[in-house]
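Visitor: I'd like to ask some things about the structure below.
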Amino acid sequence: VIDVAFTGARSQPCDLAVVIDVLRATSTVTQALAAGYRRVLCVDTLDRARSVRAPGRVLAGERGCLTPAGFDQGNSPVDAARLRGEELVLTSTNGTPAIIAAAARAPEVLLGCLLNLEAVTAAVLDRANPEIARIQLICSGTESSPALEDVYLAGLLSLALQGQRSDSALIAESVARQYATAAAALGASAHAQTLSSRDLFQDVEFCAQTSVLGCVPAVVTRQPGIAILADRATTNAGAEVTPDRAAPVSDALR
Ligand code: MLT
């Protein structure tokens with residue numbers, strides 16, 4: 001069964017989870033790994049993020065969309081495209097809690113965003129077999145409400161997968177069909193407007209780029225309050241990390 005959780009808090013135990021926070025956490029993690037960060041540590045609190053600071057680690061995050069005091073950079077895929085260390089430590093309001101919660105409930109957790117839509121779809125299709133009875137597409141949402149851009153992406157993913165769908169998956173599919181382009185969906189999203197009002201429109205443009213990265217972040221290690229992610233290609237096949245090109249900022253939303 002393909003199911004959609006409209007917020008992180010509504011996620012359920014499943015065999016394979018795909019966590020989605022188009023604006024911006026899963027876009028930031030995907031871009032960071034694509035840019036060459038070896039791992040991304042998603043952490044639950046600002047204090048924990050500060051406590052794992054170490055040489056080679058870059059602290060990234062947001063509260064109220066803005067970079068917390070003492071952090072190196074924001075929860076920004078534009079910032080993450082510049083490789084500044086070996087590992088990125090990321091904490092955000094909705095996205096990283098949803099990733100940490102999914103890591104506790106599912107044996108396999110992948111991250112999806114528009115940037116890696118084709119790659120994450122292929123990864124889920126690759127994993128779909130009789131042992132994977134329940135796939136959950138988890139929308140992080142915003143402050144416990146659904147976010148349009150996350151439901152839009154869950155709908156696109158669901159449309160590309162085979163199998164029985166829950167009602168929530170069918171609802172997400174019909175949302176995806178409402179928008180001709182990713183830019184149109186993001187243009188209608190409240191969180192995109194919030195980011196724009198805080199001078200972060202560049203991040204919205206960046207996150208609207210579709211299928212420009214081949215990287216699929218996968219949870220590789222779980223610790224209390226922390227989920228550690230690496231590129232699925234390197235964790236599965238032991239292949240070398242091949243950084244994708246840093247996605248250019250598109251003018252799709254102008
Ligand atoms: C979140 O995790 O709440 C979001 O990624 C917020 C943001 O930074 O846009």
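Letters A, B, ... go to the chains of the structure tokens in the order shown; residues in each chain start at 1; ligands are counted from 1 in the same order.
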Looking only at the backbone, which of the residues in range 14-245 of chain A does DSSP tag as strand (DSSP E or B), as a VMD selection string?

Guide: chain A and resid 16 to 20 39 to 43 57 to 61 63 66 73 to 74 87 to 91 108 to 112 135 to 139 142 145 165 217 to 223 226 to 231

Visitor: Show me which residues are within 9 Å of ligand 1 counting only C-alpha atoms and all ligand atoms, and format the list as a ChimeraX atom specification.

Guide: /A:21-28,61-67,74-76,91-98,140-143,191-192,194-195,200,203-204

Visitor: From a DSSP calculation on the backbone, collect every residue of range 9-57 of chain A in helix (DSSP H, G or I) and output the set as a count of residues only.

Guide: 19

Visitor: When you count only C-alpha atoms, which of these residues is closest to Gln162 in chain A: A:Ala128, A:Val219, A:Ala183, A:Val175?

Guide: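 Of A:Ala128, A:Val219, A:Ala183, A:Val175, the one nearest Gln162 in chain A is A:Ala128, counting only C-alpha atoms.
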
Visitor: Taking only C-alpha atoms into account, which of A:Val220, A:Ala49, A:Val58, A:Ala154 comes nearest Leu117 in chain A?

Guide: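 Closest residue, counting only C-alpha atoms: A:Ala154.
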
Visitor: Give me the residues within 7 Å of Thr7 in chain A as a VMD selection string, counting only C-alpha atoms and dropping any in the same chain fewer than 5 places off.

Guide: chain A and resid 138 to 141 144 to 146

Visitor: If you keep N, CA and C atoms, can you produce a file of those selected residues as a short mmCIF file (atom, residue, chain, number, x, y, z; two decimals), in the first residue's frame?

Guide:
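File written: selection.cif
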data_model
loop_
_atom_site.label_atom_id
_atom_site.label_comp_id
_atom_site.auth_asym_id
_atom_site.auth_seq_id
_atom_site.Cartn_x
_atom_site.Cartn_y
_atom_site.Cartn_z
N ILE A 138 5.99 10.76 3.60
CA ILE A 138 5.73 11.58 4.79
C ILE A 138 5.99 13.05 4.48
N CYS A 139 4.94 13.84 4.48
CA CYS A 139 5.06 15.28 4.26
C CYS A 139 5.39 15.92 5.60
N SER A 140 6.45 16.69 5.66
CA SER A 140 6.83 17.30 6.96
C SER A 140 5.81 18.33 7.40
N GLY A 141 5.27 19.09 6.42
CA GLY A 141 4.30 20.11 6.77
C GLY A 141 4.95 21.29 7.48
N SER A 144 2.67 21.56 12.17
CA SER A 144 1.58 20.57 12.28
C SER A 144 0.41 20.74 11.30
N SER A 145 0.58 21.59 10.29
CA SER A 145 -0.41 21.68 9.20
C SER A 145 0.24 21.17 7.91
N PRO A 146 -0.58 20.61 7.00
CA PRO A 146 0.00 20.19 5.73
C PRO A 146 0.58 21.38 4.96
#

Visitor: Interatomic distance between CA of Leu33 in chain A and CA of Val78 in chain A?

Guide: 12.7 Å

Visitor: Extract, using only C-alpha atoms, all DNA, RNA and protein residues at most 10 Å from Gln12 in chain A, discarding same-chain residues fewer than 6 positions from it, and format them as a list in words.

Guide: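 Once the nearby chain positions are removed, what remains is Asp3, Val4, Ala5, Ala101, Ala102, Arg105, Ala106, Arg134, Gln136 and Ile138 of chain A.
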
Visitor: Write the residues you've just listed into a file as a PDB file, in the first residue's frame, and include N, CA and C atoms for each of them.

Guide:
ATOM      1  N   ASP A   3       0.931   5.025   0.985  1.00  0.00           N
ATOM      2  CA  ASP A   3       0.172   5.897   1.874  1.00  0.00           C
ATOM      3  C   ASP A   3       0.892   7.244   1.964  1.00  0.00           C
ATOM      4  N   VAL A   4       0.155   8.282   2.266  1.00  0.00           N
ATOM      5  CA  VAL A   4       0.746   9.609   2.467  1.00  0.00           C
ATOM      6  C   VAL A   4       0.380  10.093   3.865  1.00  0.00           C
ATOM      7  N   ALA A   5       1.370  10.542   4.627  1.00  0.00           N
ATOM      8  CA  ALA A   5       1.114  11.230   5.897  1.00  0.00           C
ATOM      9  C   ALA A   5       1.217  12.722   5.596  1.00  0.00           C
ATOM     10  N   ALA A 101      11.755  11.129  13.369  1.00  0.00           N
ATOM     11  CA  ALA A 101      10.599  10.280  13.728  1.00  0.00           C
ATOM     12  C   ALA A 101      10.474   9.111  12.759  1.00  0.00           C
ATOM     13  N   ALA A 102      10.656   9.371  11.465  1.00  0.00           N
ATOM     14  CA  ALA A 102      10.556   8.289  10.470  1.00  0.00           C
ATOM     15  C   ALA A 102      11.651   7.250  10.709  1.00  0.00           C
ATOM     16  N   ARG A 105      10.592   4.730  13.061  1.00  0.00           N
ATOM     17  CA  ARG A 105       9.412   3.923  12.722  1.00  0.00           C
ATOM     18  C   ARG A 105       9.585   3.049  11.490  1.00  0.00           C
ATOM     19  N   ALA A 106      10.607   3.301  10.701  1.00  0.00           N
ATOM     20  CA  ALA A 106      10.761   2.538   9.448  1.00  0.00           C
ATOM     21  C   ALA A 106      12.189   2.021   9.335  1.00  0.00           C
ATOM     22  N   ARG A 134       4.303  -1.786   2.854  1.00  0.00           N
ATOM     23  CA  ARG A 134       3.734  -0.469   3.135  1.00  0.00           C
ATOM     24  C   ARG A 134       4.795   0.619   2.903  1.00  0.00           C
ATOM     25  N   GLN A 136       5.356   4.642   2.907  1.00  0.00           N
ATOM     26  CA  GLN A 136       4.720   5.874   3.372  1.00  0.00           C
ATOM     27  C   GLN A 136       5.499   7.096   2.890  1.00  0.00           C
ATOM     28  N   ILE A 138       5.988  10.758   3.603  1.00  0.00           N
ATOM     29  CA  ILE A 138       5.730  11.584   4.795  1.00  0.00           C
ATOM     30  C   ILE A 138       5.995  13.054   4.477  1.00  0.00           C
TER      31      ILE A 138
END

Visitor: Nearest residue to Ala122 in chain A out of A:Arg38, A:Ala169, A:Leu157, A:Ile99, using only C-alpha atoms?

Guide: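 Distance minimum relative to Ala122 in chain A lands on A:Leu157.
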
Visitor: Just the residues within 9 Å of Arg57 in chain A, please, counting only C-alpha atoms, with nothing from its chain fewer than 5 positions along; format it as a count of residues only.

Guide: 7

Visitor: Skip Ser158 in chain A itself and residues of its chain fewer than 2 positions away, then list as a ChimeraX atom specification all residues within 10 Å of it, counting only C-alpha atoms.

Guide: /A:2-4,121,135-137,152-156,160-163,165,169-170,172-173,176

Visitor: Since we have the selection now, will you write its residues out, keeping N, CA and C atoms, as a short mmCIF file (atom, residue, chain, number, x, y, z; two decimals), in the first residue's frame?

Guide:
data_model
loop_
_atom_site.label_atom_id
_atom_site.label_comp_id
_atom_site.auth_asym_id
_atom_site.auth_seq_id
_atom_site.Cartn_x
_atom_site.Cartn_y
_atom_site.Cartn_z
N ILE A 2 0.52 2.19 -0.85
CA ILE A 2 1.21 3.49 -0.84
C ILE A 2 0.34 4.46 -0.05
N ASP A 3 0.93 5.02 0.99
CA ASP A 3 0.17 5.90 1.87
C ASP A 3 0.89 7.24 1.96
N VAL A 4 0.15 8.28 2.27
CA VAL A 4 0.75 9.61 2.47
C VAL A 4 0.38 10.09 3.86
N THR A 121 12.29 8.61 -7.15
CA THR A 121 11.26 7.73 -7.73
C THR A 121 11.90 6.40 -8.15
N ILE A 135 4.50 1.47 1.91
CA ILE A 135 5.38 2.61 1.62
C ILE A 135 4.67 3.86 2.10
N GLN A 136 5.36 4.64 2.91
CA GLN A 136 4.72 5.87 3.37
C GLN A 136 5.50 7.10 2.89
N LEU A 137 4.78 8.00 2.25
CA LEU A 137 5.35 9.27 1.80
C LEU A 137 4.99 10.29 2.88
N TYR A 152 2.13 18.19 -2.89
CA TYR A 152 2.33 18.16 -4.36
C TYR A 152 3.39 17.12 -4.72
N LEU A 153 4.52 17.15 -4.02
CA LEU A 153 5.60 16.19 -4.34
C LEU A 153 5.17 14.76 -4.01
N ALA A 154 4.49 14.57 -2.88
CA ALA A 154 4.01 13.22 -2.53
C ALA A 154 3.08 12.71 -3.63
N GLY A 155 2.25 13.59 -4.17
CA GLY A 155 1.34 13.20 -5.25
C GLY A 155 2.09 12.81 -6.51
N LEU A 156 3.13 13.58 -6.87
CA LEU A 156 3.93 13.23 -8.05
C LEU A 156 4.57 11.86 -7.86
N ALA A 160 3.79 8.02 -9.79
CA ALA A 160 4.82 7.25 -10.52
C ALA A 160 4.98 5.83 -10.00
N LEU A 161 4.34 5.50 -8.87
CA LEU A 161 4.52 4.18 -8.26
C LEU A 161 3.36 3.25 -8.62
N GLN A 162 3.63 1.97 -8.51
CA GLN A 162 2.61 0.96 -8.77
C GLN A 162 2.04 0.50 -7.44
N GLY A 163 0.80 0.08 -7.44
CA GLY A 163 0.26 -0.56 -6.24
C GLY A 163 -0.98 0.11 -5.71
N ARG A 165 -3.36 2.25 -3.37
CA ARG A 165 -3.16 3.54 -2.72
C ARG A 165 -4.18 3.75 -1.61
N ALA A 169 -3.17 9.02 -0.31
CA ALA A 169 -2.33 9.02 -1.53
C ALA A 169 -3.14 9.52 -2.72
N LEU A 170 -4.40 9.11 -2.81
CA LEU A 170 -5.25 9.58 -3.91
C LEU A 170 -5.49 11.09 -3.82
N ALA A 172 -3.37 13.25 -2.48
CA ALA A 172 -2.11 13.89 -2.89
C ALA A 172 -1.97 13.87 -4.41
N GLU A 173 -2.36 12.77 -5.04
CA GLU A 173 -2.29 12.69 -6.51
C GLU A 173 -3.16 13.77 -7.14
N ALA A 176 -1.41 17.01 -6.98
CA ALA A 176 -0.32 17.09 -7.97
C ALA A 176 -0.87 17.42 -9.36
#

Visitor: Given the choices A:Glu131, A:Ala208, A:Val19, A:Leu90, which gets closest to Arg48 in chain A if the distance is worked out from only C-alpha atoms?

Guide: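 Nearest to Arg48 in chain A: A:Leu90.
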
Visitor: Skip Gln31 in chain A itself and residues of its chain fewer than 5 positions away, then list as JSON, numbers by chain all residues within 7 Å of it, counting only C-alpha atoms.

Guide: {"A": [77, 80, 81]}

Visitor: Export, as an mmCIF file, in the first residue's frame, the selected residues with N, CA and C atoms.

Guide:
data_model
loop_
_atom_site.group_PDB
_atom_site.id
_atom_site.type_symbol
_atom_site.label_atom_id
_atom_site.label_comp_id
_atom_site.auth_asym_id
_atom_site.auth_seq_id
_atom_site.Cartn_x
_atom_site.Cartn_y
_atom_site.Cartn_z
ATOM 1 N N PRO A 77 19.464 25.263 0.775
ATOM 2 C CA PRO A 77 20.167 24.471 -0.239
ATOM 3 C C PRO A 77 21.195 25.301 -1.004
ATOM 4 N N ALA A 80 24.087 25.133 1.155
ATOM 5 C CA ALA A 80 24.604 23.761 1.196
ATOM 6 C C ALA A 80 25.349 23.382 -0.077
ATOM 7 N N ALA A 81 25.111 24.124 -1.157
ATOM 8 C CA ALA A 81 25.800 23.820 -2.421
ATOM 9 C C ALA A 81 27.283 24.166 -2.357
#

Visitor: Given only C-alpha atoms as the basis, pick out the residue of A:Val43, A:Ala230, A:Leu159, A:Cys207 nearest to Gly187 in chain A.

Guide: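 Smallest separation from Gly187 in chain A among the options: A:Cys207.
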
Visitor: For CA of Thr181 in chain A and CA of Gly112 in chain A, determine how far apart the two atoms are, in Å to one decimal place.

Guide: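 Separation between CA of Thr181 in chain A and CA of Gly112 in chain A: 17.2 Å.
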
Visitor: Can you work out which one of A:Asp126, A:Asp79, A:Asp47, A:Asp72 has the shortest atom-to-atom distance to Phe206 in chain A, counting only C-alpha atoms?

Guide: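 Of A:Asp126, A:Asp79, A:Asp47, A:Asp72, the one nearest Phe206 in chain A is A:Asp79, counting only C-alpha atoms.
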